[in-house]
Structures are given as structure tokens and as C-alpha cells.
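Peer 1: Below is the structure I would like to discuss, written out as C-alpha cells.
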Amino acid sequence: MGWKGLDVYKRQILCRFDRDLKWRTGAEIVPIQCTSSNNFQITETALKQAYEEALKRNLRVKGVLVTNPSNPLGTTMSRSELNLLVDFIKEKKDTHLISDEIYSGTVFSSPGFVSVMEILKERNDTGEIWNRVHVVYSLSKDLGLPGFRVGAIYSENDTVVAAATKMSSFGLISSQTQYLLSAMLGDKKFTRNYIVENQKRLKRRQRMMVSGLQKAGISCLESNAGLFCWVDMRHLLHSNTFEAEMELWKKIVYQVGLNISPGSSCHCTEPGWFRVCFANMSEETLSLAMKRLKNFVAESTCTQRSALFNGTSKRKSLTKWVFRLSSRDHREQEER
């Protein structure tokens with residue numbers, strides 16, 4: 001499949017795909033705009049709107065790209081969403097579906113992970129539809145081996161496999177790396193125990209972050225996978241704009257000392273959402289990060305209240321008057 005000029009949809013994911021797909025190939029990306037009204041799930045309406053937007057821009061849609069589990073949402077895709085995507089590409093005869101399942105081993109709570117390939121088997125779809133559904137994977141997340149640069153493509157399409165085989169010659173894996181991975185993955189007991197323990201630790205870290213955020217008065221999207229949470233900080237914006245989002249992001253980075261990702265970098269259309277990672281630090285560091293964030297929110301709230309009460313001279317005088325009145329009443333009650 002030729003990638004030059006490929007127009008690809010994507011779910012709410014980090015703009016890393018902008019770099020991976022657009023910068024080198026010239027492909028255009030039209031996001032499927034998901035919203036908080038349904039916890040950012042893909043809908044038929046959102047899918048059609050993205051397709052129509054591509055047509056308005058005179059783009060030839062060649063593929064739908066999703067991450068499952070989602071980055072940055074930290075959620076697994078439902079069967080209804082996956083069936084919706086398969087139905088879409090069946091209708092659009094020349095359209096492919098690429099499922100990036102790099103976080104599939106990080107699912108730590110129900111519902112469990114469902115691969116798009118499982119959906120195809122459940123539907124008993126036959127024929128050429130299998131040639132237009134592809135899965136990509138890597139050891140970077142599940143096994144924490146990004147430096148090994150090991151990835152995989154699963155496809156029934158001979159053309160795709162042949163193209164990937166030719167391209168792989170420009171990024172071959174060293175013999176030492178292959179030997180090490182072969183020995184490690186060949187140990188079924190170790191691999192099984194590793195995944196189970198990793199999921200337990202991810203779940204514990206995620207609960208730590210959610211609890212810390214709640215203490216700071218911050219909520220987040222309910223998640224069950226991934227290394228991050230999709231955090232709702234809309235109430236901390238001074239206005240419902242992306243300018244306010246960037247201002248808040250800079251404060252958190254420079255004043256609080258926490259590096260988080262603003263929602264605008266993930267093509268989110270609602271200002272105030274942030275991706276916050278919890279798995280790339282120790283529990284002590286995570287606890288400290290939550291304390292810093294809590295203090296920041298408390299200070300911001302005090303500042304907002306101060307600005308509210310000091311906004312006008314009338315409000316100042318009213319505040320003093322109420323205070324004096326209550327004090328006088330208190331003294332009179334004591335005298336009685």
C-alpha cells in the first residue's frame with residue numbers, strides 16, 4: 001500500500017502521529033472529534049463528520065487509524081466502537097483500518113482488551129475485508145523496552161507484508177537483541193508473571209494518582225489501561241480557550257515542576273483536558289507530584305477568591321460591613 005499522500009483518521013491520540021505520519025510522508029490527518037459528553041467514545045456521527053471534513057479539504061481518505069487502548073485516554077475501545085469502524089471501512093471499499101495495540105498488555109481493570117482481529121472473527125466476516133484490517137504492535141510499552149526498537153505488523157494483506165519486509169531492512173534488529181528477546185519471551189512462566197505483576201503495579205499507581213487528584217479537587221476520565229490518565233482541569237482555566245489552557249500548562253510546568261501534556265497537543269477540541277503520566281516515576285515521586293499539584297490548586301483557588309472579593313470598592317465595603325455587624329452582634333450576645 002502506497003503511503004504517499006495517505007489521508008488517515010485518528011482517534012484522540014498524541015500528536016506523535018503527526019510526526020510519524022505527516023512529516024516524512026506528506027500524509028494528512030483528519031481527527032475523529034470525540035467529546036466528553038460520552039467519555040470520548042467514537043460515534044457514527046463523529047466518524048461521518050470527519051469523513052465529510054476530509055472531502056471538504058479535497059482529501060482522498062485511505063485509512064482509519066486508532067489506538068486501542070487509547071493514548072491519551074487510557075481506556076480500551078468497546079466492541080460497539082470496533083464494529084462501527086469495521087462497518088465504516090466495509091462501506092468505503094478502498095479504506096483500510098489500522099489498529100495500534102501497543103498498550104494492549106497494560107489493561108489493569110475491566111473491561112478487558114478486545115483486539116480488532118477478535119471482532120472480525122466474531123462477525124465471521126470473510127473475503128477481502130481481512131486484507132484491509134491491520135494491527136501494529138511494539139515491545140516498548142508492555143515490556144518497557146523502547147530502546148530495543150522492536151515492533152510488529154500483523155496483516156493478511158500480502159502487499160502490506162511485502163512492503164513492511166522491504167522497509168525493515170533499513171532498521172534491522174541486532175543479533176544480540178534478537179537472542180536476548182528470544183530467550184526472554186521463550187520463558188512462558190517469566191512472561192506471564194511479568195505481565196500480571198506489571199498490571200498490578202499499574203493499577204496501584206493509577207489509584208494513587210486518581211486519589212491524589214481527587215484530594216486536589218481534580219477529576220479524570222475513568223480509565224482501565226495505559227500509563228496515564230486523561231485529567232479534567234477545565235475548572236482551573238480563567239476562560240474556556242486554548243490560550244487559557246496553554247497558560248495553565250506553563251504554570252504547571254514552570255511553577256509546579258510537573259511535565260504534563262495539554263489536550264490541544266492531542267487534537268482535543270475542549271480546552272482544559274491534560275494527559276498526566278503515572279508510570280514513569282517512583283511512588284514517592286508520584287506522591288510528591290500530587291502534593292505539589294494540590295498546593296497549586298489551593299493557591300490558585302485562594303487567588304481567584306481574593307480577586308473576586310477585591311474586584312470592586314463596593315464589594316470591599318460590603319465585606320467589612322458584614323464583618324463589623326457580625327462582631328457587634330457577637331459582643332451583644334456575650335453581654336447578655
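Residue numbers start at 1 in each chain; chains themselves are named A, B, ... in the order of the C-alpha cells; ligands are numbered from 1 in the order shown.
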Excluding Arg149 in chain A and its own-chain neighbours fewer than 2 positions away, which residues fall within 9 Å of it when counting only C-alpha atoms? Please give them as an MDAnalysis selection string.
Peer 2: chainID A and resid 138:140 145:147 151 171 173
Peer 1: Those same residues - C-alpha atoms - I'd like them written as a short mmCIF file (atom, residue, chain, number, x, y, z; two decimals), in the first residue's frame.
Peer 2:
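Final file, selection-v7.cif:
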```
data_model
loop_
_atom_site.label_atom_id
_atom_site.label_comp_id
_atom_site.auth_asym_id
_atom_site.auth_seq_id
_atom_site.Cartn_x
_atom_site.Cartn_y
_atom_site.Cartn_z
CA SER A 138 5.72 -2.94 19.84
CA LEU A 139 7.53 -4.12 22.95
CA SER A 140 8.12 -0.52 24.03
CA LEU A 145 11.81 -1.83 26.08
CA PRO A 146 11.60 1.28 23.90
CA GLY A 147 15.35 1.30 23.33
CA GLY A 151 7.84 -3.70 16.55
CA GLY A 171 16.03 -0.79 10.63
CA ILE A 173 17.38 -5.55 14.98
#
```
Peer 1: Run DSSP on the backbone and give me the residues of range 161-298 of chain A it puts in helix (DSSP H, G or I), as a ChimeraX atom specification.
Peer 2: /A:161-168,175-186,188-215,234-236,242-256,263-266,283-298
Peer 1: Within 8 Å of range 280-297 of chain A, counting only C-alpha atoms, which residues show up once you throw out same-chain ones fewer than 4 positions away? Write them as a list in words, please.
Peer 2: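 So, after excluding close chain neighbours, the residues are Arg205, Met208, Met209, Gly212, Leu213, Lys215, Ala216, Gly217, Leu227, Leu236, Ile252, Val256, Leu258 and Thr301 of chain A.
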Peer 1: Go through A:Gln178, A:Gln199, A:Ser109, A:Asn131 and flag the residue nearest Glu156 in chain A, using only C-alpha atoms for the distances.
Peer 2: A:Asn131
Peer 1: Could you write out, as a PyMOL selection string, all the residues of range 130-304 of chain A that DSSP marks as strand (DSSP E)?
Peer 2: chain A and resi 133-138+151-155+219-220+228-232+261-262+273-277
Peer 1: Go ahead and write the selection's residues with C-alpha atoms as a compact mmCIF listing (two decimals), in the first residue's frame.
Peer 2:
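Final file, out11.txt:
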```
# COMPACT_ATOMS: atom_id res chain seq x y z
CA VAL A 133 -7.54 -4.57 8.62
CA HIS A 134 -4.05 -4.39 10.15
CA VAL A 135 -2.58 -4.44 13.67
CA VAL A 136 0.67 -2.78 14.74
CA TYR A 137 2.45 -3.55 18.00
CA SER A 138 5.72 -2.94 19.84
CA GLY A 151 7.84 -3.70 16.55
CA ALA A 152 5.50 -5.91 14.59
CA ILE A 153 2.79 -5.70 11.95
CA TYR A 154 0.01 -8.28 11.71
CA SER A 155 -1.76 -8.29 8.37
CA SER A 219 -11.32 14.62 38.39
CA CYS A 220 -10.27 12.50 35.46
CA PHE A 228 -1.53 7.83 32.02
CA CYS A 229 -4.80 9.49 32.98
CA TRP A 230 -6.93 11.93 30.97
CA VAL A 231 -7.33 14.70 33.54
CA ASP A 232 -10.06 17.32 33.62
CA SER A 261 0.60 17.20 28.05
CA PRO A 262 -2.10 19.76 27.17
CA TRP A 273 -8.00 18.40 29.41
CA PHE A 274 -4.47 17.13 30.11
CA ARG A 275 -2.63 13.83 29.82
CA VAL A 276 -0.78 13.04 33.04
CA CYS A 277 1.55 10.03 33.25
```
Peer 1: Please indicate the distance in Å from CA of Asp142 in chain A to CA of Leu65 in chain A, rounded to one decimal place.
Peer 2: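 Those two atoms sit 20.2 Å apart.
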Peer 1: Pick out the residues sitting within 9 Å of range 78-89 of chain A, and hand them over as a list in words; count only C-alpha atoms, and ignore anything fewer than 5 positions along from it in its own chain.
Peer 2: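 What passes the distance filter is Gln41, Ile42, Thr43, Glu44, Leu47, Gly63, Val64, Asp94, Thr95, His96, Leu97, Pro111, Phe113, Val114, Ser115, Val116, Ile119, Leu120, Arg123, Ile129, Arg132 and Val133 of chain A.
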Peer 1: Counting only C-alpha atoms, what is within 8 Å of Ala50 in chain A, bar same-chain residues fewer than 3 positions away, as a ChimeraX atom specification?
Peer 2: /A:9,30-33,46-47,53-54
Peer 1: Go ahead and write the selection's residues with C-alpha atoms as a PDB file, in the first residue's frame.
Peer 2:
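Once everything was written out, this is out-v6.pdb:
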```pdb
ATOM      1  CA  TYR A   9      -8.113   9.452  10.554  1.00  0.00           C
ATOM      2  CA  VAL A  30      -8.194  14.412   9.983  1.00  0.00           C
ATOM      3  CA  PRO A  31      -9.069  13.692  13.646  1.00  0.00           C
ATOM      4  CA  ILE A  32     -12.307  11.994  14.623  1.00  0.00           C
ATOM      5  CA  GLN A  33     -13.506  14.582  17.123  1.00  0.00           C
ATOM      6  CA  ALA A  46     -18.213  11.836  14.694  1.00  0.00           C
ATOM      7  CA  LEU A  47     -16.921   9.366  12.121  1.00  0.00           C
ATOM      8  CA  GLU A  53     -14.332  17.230   6.624  1.00  0.00           C
ATOM      9  CA  ALA A  54     -11.769  15.278   4.623  1.00  0.00           C
TER      10      ALA A  54
END
```
Peer 1: Give me the residues within 12 Å of Ser265 in chain A as a ChimeraX atom specification, counting only C-alpha atoms and dropping any in the same chain fewer than 3 places off.
Peer 2: /A:12-19,71-72,242,245-246,249,260-262,268-275
Peer 1: With a distance cut-off of 12 Å and only C-alpha atoms, select the neighbouring residues of Tyr194 in chain A, excluding the residue or stretch itself and same-chain residues fewer than 2 positions from it, and output the selection as a VMD selection string.
Peer 2: chain A and resid 105 to 106 142 to 144 184 to 185 187 to 192 196 to 201
Peer 1: Can you spit out the residues from that selection as a PDB file, in the first residue's frame, using C-alpha atoms?
Peer 2:
```
ATOM      1  CA  GLY A 105      -0.730  -5.555  27.789  1.00  0.00           C
ATOM      2  CA  THR A 106      -1.289  -2.633  30.160  1.00  0.00           C
ATOM      3  CA  ASP A 142       4.155  -3.630  27.701  1.00  0.00           C
ATOM      4  CA  LEU A 143       7.724  -4.770  28.371  1.00  0.00           C
ATOM      5  CA  GLY A 144       9.287  -1.336  28.882  1.00  0.00           C
ATOM      6  CA  MET A 184      13.123 -13.883  27.479  1.00  0.00           C
ATOM      7  CA  LEU A 185       9.867 -14.345  25.561  1.00  0.00           C
ATOM      8  CA  ASP A 187      10.265 -18.301  29.054  1.00  0.00           C
ATOM      9  CA  LYS A 188       6.467 -18.517  29.281  1.00  0.00           C
ATOM     10  CA  LYS A 189       6.418 -18.521  33.086  1.00  0.00           C
ATOM     11  CA  PHE A 190       8.514 -15.352  33.312  1.00  0.00           C
ATOM     12  CA  THR A 191       6.497 -13.565  30.634  1.00  0.00           C
ATOM     13  CA  ARG A 192       3.171 -14.469  32.242  1.00  0.00           C
ATOM     14  CA  VAL A 196       0.470  -9.945  35.730  1.00  0.00           C
ATOM     15  CA  GLU A 197       2.784  -8.097  38.120  1.00  0.00           C
ATOM     16  CA  ASN A 198       3.060  -5.123  35.756  1.00  0.00           C
ATOM     17  CA  GLN A 199      -0.722  -4.817  35.588  1.00  0.00           C
ATOM     18  CA  LYS A 200      -0.978  -4.933  39.400  1.00  0.00           C
ATOM     19  CA  ARG A 201       1.558  -2.146  39.758  1.00  0.00           C
TER      20      ARG A 201
END
```
